[in-house]
file final-v8.cif (mmCIF, C-alpha atoms and all ligand atoms)
data_target
loop_
_atom_site.label_atom_id
_atom_site.label_comp_id
_atom_site.auth_asym_id
_atom_site.auth_seq_id
_atom_site.Cartn_x
_atom_site.Cartn_y
_atom_site.Cartn_z
CA ASP A 707 -12.30 29.64 -0.48
CA GLN A 708 -14.26 31.47 -3.18
CA LEU A 709 -11.72 30.77 -5.94
CA GLY A 710 -11.93 26.98 -5.71
CA PRO A 711 -11.08 23.94 -3.63
CA THR A 712 -7.92 23.21 -1.69
CA VAL A 713 -6.10 20.53 -3.67
CA CYS A 714 -3.60 18.10 -2.17
CA VAL A 715 -1.13 16.03 -4.21
CA GLY A 716 0.70 12.91 -3.11
CA GLU A 717 0.71 9.47 -1.62
CA ILE A 718 -2.43 7.63 -0.54
CA LEU A 719 -1.76 4.65 1.72
CA VAL A 720 -3.24 2.35 4.27
CA GLU A 721 -1.54 2.08 7.60
CA ILE A 722 -1.52 -1.06 9.72
CA VAL A 723 -0.52 -0.51 13.31
CA ALA A 724 1.00 -3.00 15.78
CA THR A 725 -1.05 -2.95 18.96
CA THR A 726 1.95 -3.75 21.18
CA VAL A 727 5.08 -1.67 21.77
CA GLY A 728 8.35 -3.29 20.75
CA ASP A 729 10.93 -3.83 18.04
CA GLY A 730 9.64 -4.38 14.53
CA PHE A 731 7.87 -7.18 12.78
CA ARG A 732 10.05 -10.26 12.97
CA GLU A 733 7.49 -12.30 14.84
CA ALA A 734 3.73 -12.80 14.48
CA GLN A 735 1.84 -10.20 16.51
CA PRO A 736 -1.47 -8.42 16.87
CA LEU A 737 -2.11 -5.67 14.33
CA ILE A 738 -4.94 -3.25 13.75
CA GLY A 739 -5.91 -1.71 10.44
CA PRO A 740 -6.17 -0.96 7.59
CA PHE A 741 -6.53 2.75 8.34
CA ALA A 742 -6.72 5.35 5.60
CA SER A 743 -3.39 7.20 5.50
CA GLY A 744 -0.72 9.11 3.59
CA ALA A 745 0.31 12.57 4.79
CA PRO A 746 -1.41 14.51 1.96
CA ALA A 747 -4.56 12.41 2.40
CA ILE A 748 -4.64 13.13 6.15
CA PHE A 749 -4.31 16.85 5.41
CA VAL A 750 -7.13 16.81 2.86
CA SER A 751 -9.38 14.71 5.09
CA GLN A 752 -9.08 17.29 7.86
CA CYS A 753 -9.87 20.06 5.36
CA GLY A 754 -13.01 18.23 4.28
CA ARG A 755 -14.18 17.37 7.79
CA LEU A 756 -13.88 21.03 8.81
CA GLY A 757 -16.18 22.04 5.98
CA GLY A 758 -13.66 23.42 3.49
CA ARG A 759 -13.88 22.50 -0.16
CA ALA A 760 -11.08 20.01 -0.76
CA ALA A 761 -9.85 17.61 -3.43
CA MET A 762 -7.11 15.00 -3.76
CA ILE A 763 -4.71 14.00 -6.55
CA GLY A 764 -3.10 10.57 -6.20
CA ALA A 765 -3.67 6.91 -6.94
CA VAL A 766 -4.90 3.71 -5.32
CA GLY A 767 -5.07 0.11 -6.54
CA THR A 768 -8.20 -1.90 -7.41
CA ASP A 769 -8.28 -3.50 -3.97
CA ASP A 770 -9.95 -3.10 -0.59
CA PHE A 771 -7.07 -0.90 0.67
CA GLY A 772 -7.90 1.50 -2.14
CA ARG A 773 -11.61 1.35 -1.33
CA VAL A 774 -10.89 2.16 2.33
CA ASN A 775 -9.26 5.41 1.20
CA LEU A 776 -11.76 6.36 -1.49
CA GLU A 777 -14.73 5.81 0.82
CA ARG A 778 -13.08 7.62 3.69
CA LEU A 779 -12.23 10.73 1.66
CA LYS A 780 -15.58 10.78 -0.10
CA GLY A 781 -17.30 10.53 3.27
CA ASP A 782 -15.33 13.58 4.44
CA GLY A 783 -16.69 15.55 1.50
CA VAL A 784 -13.42 15.45 -0.45
CA ASP A 785 -13.59 15.55 -4.26
CA ILE A 786 -11.98 12.25 -5.38
CA SER A 787 -12.42 12.77 -9.14
CA ALA A 788 -8.65 13.13 -9.66
CA ILE A 789 -7.67 10.02 -7.71
CA SER A 790 -6.83 7.38 -10.30
CA VAL A 791 -7.36 3.67 -9.79
CA ASP A 792 -4.34 1.70 -11.01
CA PRO A 793 -5.26 -1.59 -12.70
CA ASP A 794 -1.89 -3.25 -12.07
CA TYR A 795 -0.36 -2.05 -8.81
CA PRO A 796 -1.69 -2.48 -5.26
CA THR A 797 -2.60 0.40 -2.96
CA GLY A 798 0.40 1.68 -1.00
CA SER A 799 0.83 0.53 2.56
CA ALA A 800 2.82 1.17 5.71
CA PHE A 801 3.09 -1.15 8.69
CA VAL A 802 4.14 0.73 11.80
CA ARG A 803 5.16 -0.34 15.28
CA TYR A 804 6.17 2.00 18.09
CA ARG A 805 9.31 1.19 20.07
CA LYS A 806 9.61 1.79 23.81
CA ASP A 807 11.44 5.10 23.24
CA GLY A 808 8.64 6.43 21.01
CA SER A 809 10.54 5.92 17.74
CA ARG A 810 8.98 3.77 15.04
CA ASP A 811 9.77 0.76 12.86
CA PHE A 812 8.18 0.78 9.42
CA VAL A 813 7.61 -1.70 6.61
CA TYR A 814 6.65 0.32 3.55
CA ASN A 815 5.26 -0.50 0.15
CA ILE A 816 5.06 2.92 -1.50
CA ALA A 817 7.60 3.27 -4.32
CA THR A 818 6.37 0.05 -5.99
CA SER A 819 2.67 0.67 -5.31
CA ALA A 820 -0.15 2.61 -6.96
CA ALA A 821 0.66 5.49 -4.56
CA ALA A 822 3.70 6.43 -6.66
CA ARG A 823 2.02 5.91 -10.04
CA PHE A 824 -0.06 8.94 -10.85
CA GLY A 825 0.58 11.66 -13.37
CA TRP A 826 -0.99 14.49 -15.33
CA SER A 827 -4.38 13.35 -16.70
CA ASP A 828 -7.60 14.95 -17.93
CA ASP A 829 -9.13 14.58 -14.47
CA VAL A 830 -6.09 16.21 -12.86
CA SER A 831 -6.12 19.00 -15.45
CA ASN A 832 -9.83 19.66 -14.86
CA LEU A 833 -9.33 19.84 -11.11
CA ILE A 834 -6.26 22.07 -11.20
CA GLY A 835 -8.03 24.40 -13.63
CA ARG A 836 -10.59 25.20 -10.93
CA ALA A 837 -8.38 24.95 -7.82
CA GLY A 838 -8.05 27.83 -5.39
CA HIS A 839 -5.19 26.48 -3.33
CA LEU A 840 -2.53 23.79 -3.65
CA HIS A 841 -0.89 21.94 -0.75
CA VAL A 842 2.35 20.07 -1.42
CA MET A 843 4.59 17.96 0.80
CA GLY A 844 8.33 18.10 0.14
CA SER A 845 8.46 14.32 0.39
CA ALA A 846 6.36 14.03 -2.79
CA LEU A 847 9.31 15.39 -4.78
CA SER A 848 11.07 12.06 -4.42
CA VAL A 849 8.29 10.46 -6.47
CA PRO A 850 9.22 11.08 -10.14
CA SER A 851 5.67 10.98 -11.50
CA ALA A 852 4.47 13.46 -8.88
CA ARG A 853 7.04 16.08 -9.92
CA GLU A 854 5.41 16.86 -13.26
CA VAL A 855 2.01 17.22 -11.60
CA ILE A 856 3.40 19.50 -8.91
CA ASP A 857 5.37 21.69 -11.35
CA LYS A 858 2.39 22.23 -13.65
CA ALA A 859 -0.10 22.60 -10.83
CA VAL A 860 1.94 25.26 -8.99
CA ASP A 861 2.17 27.38 -12.16
CA ILE A 862 -1.50 27.05 -13.06
CA VAL A 863 -2.87 27.66 -9.55
CA LYS A 864 -0.59 30.67 -8.99
CA ALA A 865 -1.44 32.12 -12.42
CA ARG A 866 -5.15 32.08 -11.62
CA GLY A 867 -4.59 33.91 -8.34
CA GLY A 868 -4.58 30.85 -6.10
CA THR A 869 -2.22 30.17 -3.21
CA LEU A 870 0.30 27.49 -2.23
CA SER A 871 1.12 25.85 1.08
CA VAL A 872 4.16 23.64 1.61
CA ASP A 873 4.97 21.17 4.38
CA PRO A 874 8.72 20.58 3.90
CA ASN A 875 8.34 17.14 5.48
CA ILE A 876 11.95 16.23 4.73
CA ARG A 877 14.26 14.93 7.42
CA LYS A 878 17.32 17.03 8.10
CA GLU A 879 19.71 14.24 7.10
CA LEU A 880 17.94 13.44 3.83
CA LYS A 881 20.21 14.29 0.90
CA LEU A 882 18.36 15.12 -2.29
CA ASP A 883 19.98 14.99 -5.72
CA ASP A 884 20.75 18.44 -7.20
CA ASP A 885 17.66 18.54 -9.38
CA THR A 886 15.31 17.59 -6.53
CA GLU A 887 17.04 20.05 -4.18
CA ARG A 888 16.44 22.85 -6.72
CA ARG A 889 12.78 21.88 -7.02
CA PHE A 890 12.48 21.82 -3.25
CA SER A 891 13.99 25.31 -2.94
CA ARG A 892 11.72 26.66 -5.66
CA LEU A 893 8.68 25.17 -3.96
CA VAL A 894 9.60 26.65 -0.59
CA ALA A 895 10.20 30.11 -2.11
CA ALA A 896 6.78 30.01 -3.80
CA ALA A 897 4.93 29.11 -0.57
CA ASP A 898 2.32 31.54 0.69
CA LEU A 899 2.18 29.36 3.81
CA LEU A 900 5.02 27.16 5.06
CA LEU A 901 4.25 24.49 7.68
CA PRO A 902 7.58 23.10 8.95
CA SER A 903 7.98 21.04 12.10
CA GLY A 904 11.09 21.16 14.29
CA GLU A 905 14.33 20.95 12.37
CA GLU A 906 12.56 21.08 9.00
CA LEU A 907 12.60 24.85 9.44
CA GLY A 908 16.40 25.01 9.13
CA ARG A 909 16.34 22.40 6.35
CA ALA A 910 13.88 24.48 4.31
CA ALA A 911 15.70 27.78 4.92
CA GLY A 912 19.19 26.38 4.43
CA VAL A 913 20.43 28.19 7.56
CA GLU A 914 20.62 27.22 11.23
CA GLY A 915 18.81 28.91 14.12
CA GLU A 916 15.11 29.74 14.30
CA ALA A 917 15.40 33.53 13.92
CA ASN A 918 17.88 33.24 11.03
CA ALA A 919 15.75 30.66 9.27
CA ILE A 920 12.57 32.72 9.60
CA ARG A 921 14.33 35.86 8.30
CA ARG A 922 15.80 33.98 5.33
CA LEU A 923 12.47 32.41 4.39
CA PHE A 924 10.73 35.79 4.28
CA GLU A 925 13.62 37.17 2.21
CA ILE A 926 13.15 34.48 -0.44
CA GLY A 927 9.42 35.14 -0.69
CA VAL A 928 7.49 33.03 1.83
CA LYS A 929 4.46 34.98 3.12
CA GLU A 930 3.51 33.18 6.32
CA ILE A 931 5.11 30.45 8.48
CA VAL A 932 3.55 28.25 11.14
CA LEU A 933 6.19 26.26 13.00
CA LYS A 934 4.91 23.04 14.64
CA ARG A 935 6.48 21.94 17.92
CA GLY A 936 4.51 18.82 18.88
CA ALA A 937 3.28 18.85 22.49
CA ASN A 938 5.03 22.23 22.89
CA GLY A 939 2.53 23.91 20.57
CA ALA A 940 3.10 26.02 17.48
CA THR A 941 4.16 29.54 16.46
CA TYR A 942 2.86 31.77 13.70
CA TYR A 943 5.25 34.18 11.98
CA GLY A 944 3.91 36.79 9.55
CA CYS A 945 6.14 38.53 6.97
CA ASP A 946 5.19 41.82 8.68
CA GLY A 947 7.08 40.70 11.81
CA GLU A 948 4.03 39.52 13.74
CA ARG A 949 4.46 36.48 16.01
CA ILE A 950 1.66 34.54 17.71
CA ASP A 951 2.29 31.53 19.94
CA ALA A 952 -0.32 28.79 20.05
CA PRO A 953 -0.01 26.62 23.16
CA ALA A 954 -0.90 22.94 22.79
CA PHE A 955 -3.95 21.33 24.36
CA VAL A 956 -3.28 18.89 27.20
CA VAL A 957 -4.07 15.35 26.01
CA THR A 958 -2.83 11.81 26.43
CA GLU A 959 -0.92 10.93 23.29
CA VAL A 960 -1.86 7.47 22.01
CA ASP A 961 -0.63 7.70 18.39
CA PRO A 962 1.29 10.83 17.28
CA THR A 963 1.09 10.04 13.56
CA GLY A 964 -0.85 12.60 11.56
CA ALA A 965 -0.84 15.44 14.09
CA GLY A 966 1.06 17.77 11.80
CA ASP A 967 -1.22 17.09 8.85
CA CYS A 968 -4.43 17.56 10.83
CA PHE A 969 -2.96 20.76 12.28
CA GLY A 970 -2.03 22.06 8.83
CA GLY A 971 -5.30 21.05 7.18
CA ALA A 972 -7.30 22.74 9.92
CA TYR A 973 -5.20 25.91 9.92
CA LEU A 974 -5.37 26.33 6.17
CA THR A 975 -9.09 25.59 5.98
CA CYS A 976 -9.93 28.07 8.73
CA ARG A 977 -7.84 30.77 7.03
CA ARG A 978 -9.44 30.07 3.66
CA LEU A 979 -12.87 30.30 5.29
CA GLY A 980 -11.89 33.80 6.45
CA MET A 981 -10.96 33.21 10.09
CA PRO A 982 -8.31 35.42 11.78
CA VAL A 983 -4.89 33.83 12.44
CA GLU A 984 -5.42 33.47 16.18
CA ASP A 985 -8.70 31.54 15.83
CA ALA A 986 -7.30 29.39 13.02
CA LEU A 987 -4.36 28.47 15.28
CA THR A 988 -6.78 27.38 18.01
CA TYR A 989 -8.66 25.05 15.64
CA ALA A 990 -5.35 23.77 14.26
CA ALA A 991 -3.96 23.00 17.72
CA ALA A 992 -7.22 21.27 18.60
CA ALA A 993 -7.17 19.22 15.39
CA GLY A 994 -3.57 18.09 15.99
CA ALA A 995 -4.17 17.27 19.65
CA ARG A 996 -7.46 15.47 19.05
CA ASN A 997 -5.87 13.30 16.39
CA VAL A 998 -3.12 11.98 18.70
CA THR A 999 -5.69 10.66 21.19
CA VAL A 1000 -6.83 7.90 18.80
CA ILE A 1001 -5.05 5.00 17.06
CA GLY A 1002 -4.85 5.50 13.30
CA PRO A 1003 -3.25 8.34 11.33
CA MET A 1004 -6.47 10.26 10.56
CA GLU A 1005 -9.04 8.63 12.85
CA GLY A 1006 -9.10 11.67 15.16
CA ALA A 1007 -9.58 14.33 12.48
CA GLY A 1008 -12.49 16.43 13.73
CA THR A 1009 -15.50 18.19 12.28
CA LYS A 1010 -16.16 21.82 13.29
CA GLU A 1011 -18.63 20.63 15.92
CA GLN A 1012 -16.21 18.01 17.29
CA LEU A 1013 -13.37 20.54 17.49
CA ASP A 1014 -15.62 23.11 19.20
CA ALA A 1015 -16.55 20.47 21.79
CA PHE A 1016 -12.87 19.49 22.19
CA ILE A 1017 -11.80 23.13 22.68
CA ALA A 1018 -14.53 23.72 25.27
CA ALA A 1019 -13.59 20.57 27.22
CA THR A 1020 -9.78 20.60 27.06
CA GLU A 1021 -7.15 22.61 28.94
CA ARG A 1022 -4.30 24.35 27.14
CA ARG A 1023 -0.71 24.44 28.31
CA SER A 1024 0.48 27.91 29.27
P1 LIG A 1101 3.61 14.45 11.97
O1 LIG A 1101 4.65 14.65 10.90
O2 LIG A 1101 3.89 13.32 12.90
O3 LIG A 1101 2.21 14.41 11.44
P2 LIG A 1101 4.50 17.10 12.72
O4 LIG A 1101 5.87 16.87 13.23
O5 LIG A 1101 4.36 17.65 11.36
O6 LIG A 1101 3.65 15.76 12.90
P3 LIG A 1101 3.68 18.09 15.30
O7 LIG A 1101 4.43 19.30 15.73
O8 LIG A 1101 4.04 16.79 15.88
O9 LIG A 1101 3.69 18.06 13.72
O10 LIG A 1101 2.12 18.33 15.62
C1 LIG A 1101 1.41 19.44 15.07
C2 LIG A 1101 0.60 20.13 16.14
O11 LIG A 1101 -0.35 19.21 16.71
C3 LIG A 1101 1.40 20.68 17.29
O12 LIG A 1101 1.89 21.98 16.99
C4 LIG A 1101 0.37 20.68 18.41
O13 LIG A 1101 -0.46 21.83 18.32
C5 LIG A 1101 -0.46 19.44 18.11
N1 LIG A 1101 0.08 18.27 18.83
C6 LIG A 1101 0.92 17.32 18.37
N2 LIG A 1101 1.24 16.43 19.34
C7 LIG A 1101 0.58 16.83 20.44
C8 LIG A 1101 0.47 16.33 21.80
N3 LIG A 1101 1.13 15.24 22.21
N4 LIG A 1101 -0.31 17.01 22.67
C9 LIG A 1101 -0.97 18.11 22.28
N5 LIG A 1101 -0.92 18.63 21.04
C10 LIG A 1101 -0.16 18.00 20.12
MG MG A 1102 5.60 16.71 9.79
#

call {"tool": "encode", "arguments": {"input": "final-v8.cif", "output": "structure tokens", "more": "lines below"}}
Ligand code: ATP
Ligand code: MG
result
Amino acid sequence: DQLGPTVCVGEILVEIVATTVGDGFREAQPLIGPFASGAPAIFVSQCGRLGGRAAMIGAVGTDDFGRVNLERLKGDGVDISAISVDPDYPTGSAFVRYRKDGSRDFVYNIATSAAARFGWSDDVSNLIGRAGHLHVMGSALSVPSAREVIDKAVDIVKARGGTLSVDPNIRKELKLDDDTERRFSRLVAAADLLLPSGEELGRAAGVEGEANAIRRLFEIGVKEIVLKRGANGATYYGCDGERIDAPAFVVTEVDPTGAGDCFGGAYLTCRRLGMPVEDALTYAAAAGARNVTVIGPMEGAGTKEQLDAFIAATERRS
């Protein structure tokens, strides 16, 4: 990561988790939180904990929920100079409760929170001017103020020889307006590393079937793809035709939220620190698996030492 830090753009939230399984929030119930959250923030936290240089662009409110996030990221070694503190809007939040079948009910306050109110600023400009890598989630494109930051940042980082990773993070059914769809396609095509999970692969490629989707993505310019398959592991595809499967570690899943972001943050950081693909995949699988063993979206993100200990102590599926 000689060129500069890994920079993540997007929503910063707290998450408050129901401690019982059931349907939604229509009666008083035990909750635990606030936990620092937001997919891009989870990703950047894992980068920082693993010892990569990392920085975050986003916004929080002037409240304790904001402080939870700022202190957490700072403690992980993340540069928070480009996180703005909104004087008027509260920090974004998500209440989550798991249902019996593993699906989730949410109560969100994101679109009308500080999380959606950041834009290009001097601090953002300073950070992007020294960034070595940019990580973007497709979901951030639905936030109007984030679009300008992403557009400018992609151009600047690429022009100075930096790289881009993209987590499509868009449900298959989600219809984007034409303009957002075009931005999404452009972002995917510019990705040096694409980190889809499950059906996001077909959504990003615009064609069905794993082999077809992979072929199409390399045709439009993607350099490297790591497909995430939850407890079934992950697969690396290189544009030279190489394929490496990364079996998952065997753990008891307590809270699946954040696995993909810890996985991605660990993979990218290891690669940027010069590790070969196979070793980076091992750390990534460990980071994802470790994170699902703890309640809270980024509470299980591991340091290098913690992940080494986890890898030594945990079996992998074959
Ligand atoms: P999310 O969007 O919920 O953060 P994702 O869908 O982007 O997650 P997943 O495929 O769920 O990503 O998880 C990423 C990686 O983390 C997997 O490829 C796997 O290596 C690891 N992982 C996730 N869940 C488990 C699990 N239950 N057991 C072991 N490893 C897991
Ligand atoms: Mg995901």

call {"tool": "atom_distance", "arguments": {"input": "final-v8.cif", "atom1": "atom CA of Ala1007 of chain A", "atom2": "atom CA of Arg759 of chain A"}}
result
15.7 Å

call {"tool": "closest_residue", "arguments": {"input": "final-v8.cif", "among": "A:Gly764, A:Gly825, A:Gly781, A:Gly964", "to": "ligand MG 1102 (chain A)", "atoms": "only C-alpha atoms and all ligand atoms"}}
result
A:Gly964

call {"tool": "closest_residue", "arguments": {"input": "final-v8.cif", "among": "A:Val791, A:Phe749, A:Ser799, A:Gly754", "to": "ligand MG 1102 (chain A)", "atoms": "all atoms listed in the file"}}
result
A:Phe749

call {"tool": "residues_around", "arguments": {"input": "final-v8.cif", "residues": "Ala895 of chain A", "least_positions_apart": "4", "cutoff": "6 Å", "atoms": "all atoms listed in the file", "output": "MDAnalysis selection string"}}
result
chainID A and resid 926:928

call {"tool": "closest_residue", "arguments": {"input": "final-v8.cif", "among": "A:Pro711, A:Gly838, A:Gly730, A:Gly1006", "to": "Lys864 of chain A", "atoms": "all atoms listed in the file"}}
result
A:Gly838

call {"tool": "residues_around", "arguments": {"input": "final-v8.cif", "residues": "Lys780 of chain A", "least_positions_apart": "2", "cutoff": "12 Å", "atoms": "only C-alpha atoms", "output": "ChimeraX atom specification"}}
result
/A:742,747,750-751,754-755,759-762,773-778,782-787,789

call {"tool": "closest_residue", "arguments": {"input": "final-v8.cif", "among": "A:Tyr943, A:Phe969, A:Phe1016, A:Phe741", "to": "ligand LIG 1101 (chain A)", "atoms": "only C-alpha atoms and all ligand atoms"}}
result
A:Phe969

call {"tool": "closest_residue", "arguments": {"input": "final-v8.cif", "among": "A:Val932, A:Val802, A:Ile834, A:Ile950", "to": "Ile862 of chain A", "atoms": "only C-alpha atoms"}}
result
A:Ile834

call {"tool": "residues_around", "arguments": {"input": "final-v8.cif", "residues": "Pro953 of chain A", "least_positions_apart": "5", "cutoff": "10 Å", "atoms": "all atoms listed in the file", "output": "ChimeraX atom specification"}}
result
/A:935-941,987-988,991,1022-1024

call {"tool": "write_last_selection", "arguments": {"input": "final-v8.cif", "atoms": "C-alpha atoms", "output": "JSON list (two decimals), keeping the file's coordinate frame"}}
result
[["chain", "number", "residue", "atom", "x", "y", "z"],
["A", 935, "ARG", "CA", 6.48, 21.94, 17.92],
["A", 936, "GLY", "CA", 4.51, 18.82, 18.88],
["A", 937, "ALA", "CA", 3.28, 18.85, 22.49],
["A", 938, "ASN", "CA", 5.03, 22.23, 22.89],
["A", 939, "GLY", "CA", 2.53, 23.91, 20.57],
["A", 940, "ALA", "CA", 3.10, 26.02, 17.48],
["A", 941, "THR", "CA", 4.16, 29.54, 16.46],
["A", 987, "LEU", "CA", -4.36, 28.47, 15.28],
["A", 988, "THR", "CA", -6.78, 27.38, 18.01],
["A", 991, "ALA", "CA", -3.96, 23.00, 17.72],
["A", 1022, "ARG", "CA", -4.30, 24.35, 27.14],
["A", 1023, "ARG", "CA", -0.71, 24.44, 28.31],
["A", 1024, "SER", "CA", 0.48, 27.91, 29.27]]

call {"tool": "residues_near_ligand", "arguments": {"input": "final-v8.cif", "ligand": "ligand LIG 1101 (chain A)", "cutoff": "8 Å", "atoms": "only C-alpha atoms and all ligand atoms", "output": "ChimeraX atom specification"}}
result
/A:745,873,875,901-904,933-941,952-959,962-970,990-996,998

call {"tool": "write_last_selection", "arguments": {"input": "final-v8.cif", "atoms": "C-alpha atoms", "output": "short mmCIF file (atom, residue, chain, number, x, y, z; two decimals), in the frame of the given file"}}
result
data_model
loop_
_atom_site.label_atom_id
_atom_site.label_comp_id
_atom_site.auth_asym_id
_atom_site.auth_seq_id
_atom_site.Cartn_x
_atom_site.Cartn_y
_atom_site.Cartn_z
CA ALA A 745 0.31 12.57 4.79
CA ASP A 873 4.97 21.17 4.38
CA ASN A 875 8.34 17.14 5.48
CA LEU A 901 4.25 24.49 7.68
CA PRO A 902 7.58 23.10 8.95
CA SER A 903 7.98 21.04 12.10
CA GLY A 904 11.09 21.16 14.29
CA LEU A 933 6.19 26.26 13.00
CA LYS A 934 4.91 23.04 14.64
CA ARG A 935 6.48 21.94 17.92
CA GLY A 936 4.51 18.82 18.88
CA ALA A 937 3.28 18.85 22.49
CA ASN A 938 5.03 22.23 22.89
CA GLY A 939 2.53 23.91 20.57
CA ALA A 940 3.10 26.02 17.48
CA THR A 941 4.16 29.54 16.46
CA ALA A 952 -0.32 28.79 20.05
CA PRO A 953 -0.01 26.62 23.16
CA ALA A 954 -0.90 22.94 22.79
CA PHE A 955 -3.95 21.33 24.36
CA VAL A 956 -3.28 18.89 27.20
CA VAL A 957 -4.07 15.35 26.01
CA THR A 958 -2.83 11.81 26.43
CA GLU A 959 -0.92 10.93 23.29
CA PRO A 962 1.29 10.83 17.28
CA THR A 963 1.09 10.04 13.56
CA GLY A 964 -0.85 12.60 11.56
CA ALA A 965 -0.84 15.44 14.09
CA GLY A 966 1.06 17.77 11.80
CA ASP A 967 -1.22 17.09 8.85
CA CYS A 968 -4.43 17.56 10.83
CA PHE A 969 -2.96 20.76 12.28
CA GLY A 970 -2.03 22.06 8.83
CA ALA A 990 -5.35 23.77 14.26
CA ALA A 991 -3.96 23.00 17.72
CA ALA A 992 -7.22 21.27 18.60
CA ALA A 993 -7.17 19.22 15.39
CA GLY A 994 -3.57 18.09 15.99
CA ALA A 995 -4.17 17.27 19.65
CA ARG A 996 -7.46 15.47 19.05
CA VAL A 998 -3.12 11.98 18.70
#

call {"tool": "closest_residue", "arguments": {"input": "final-v8.cif", "among": "A:Val960, A:Leu979, A:Leu870, A:Leu907", "to": "ligand MG 1102 (chain A)", "atoms": "only C-alpha atoms and all ligand atoms"}}
result
A:Leu907

call {"tool": "residues_near_point", "arguments": {"input": "final-v8.cif", "point": "(-4.7, 1.6, -9.3)", "cutoff": "12 Å", "atoms": "all atoms listed in the file", "output": "number ranges by chain"}}
result
A: 718-719, 764-773, 776, 789-798, 818-824

call {"tool": "atom_distance", "arguments": {"input": "final-v8.cif", "atom1": "atom CA of Gln708 of chain A", "atom2": "atom CA of Ala865 of chain A"}}
result
15.8 Å

call {"tool": "residues_around", "arguments": {"input": "final-v8.cif", "residues": "Arg922 of chain A", "least_positions_apart": "5", "cutoff": "12 Å", "atoms": "only C-alpha atoms", "output": "list of chain:residue names"}}
result
A:Val894, A:Ala895, A:Leu907, A:Gly908, A:Arg909, A:Ala910, A:Ala911, A:Gly912, A:Val913, A:Glu914, A:Gly915, A:Glu916, A:Ala917, A:Gly927, A:Val928, A:Lys929, A:Ile931, A:Cys945

call {"tool": "atom_distance", "arguments": {"input": "final-v8.cif", "atom1": "atom CA of Tyr973 of chain A", "atom2": "atom CA of Tyr989 of chain A"}}
result
6.7 Å

call {"tool": "residues_around", "arguments": {"input": "final-v8.cif", "residues": "Val727 of chain A", "least_positions_apart": "4", "cutoff": "8 Å", "atoms": "only C-alpha atoms", "output": "NGL selection string"}}
result
:A and (803-806)
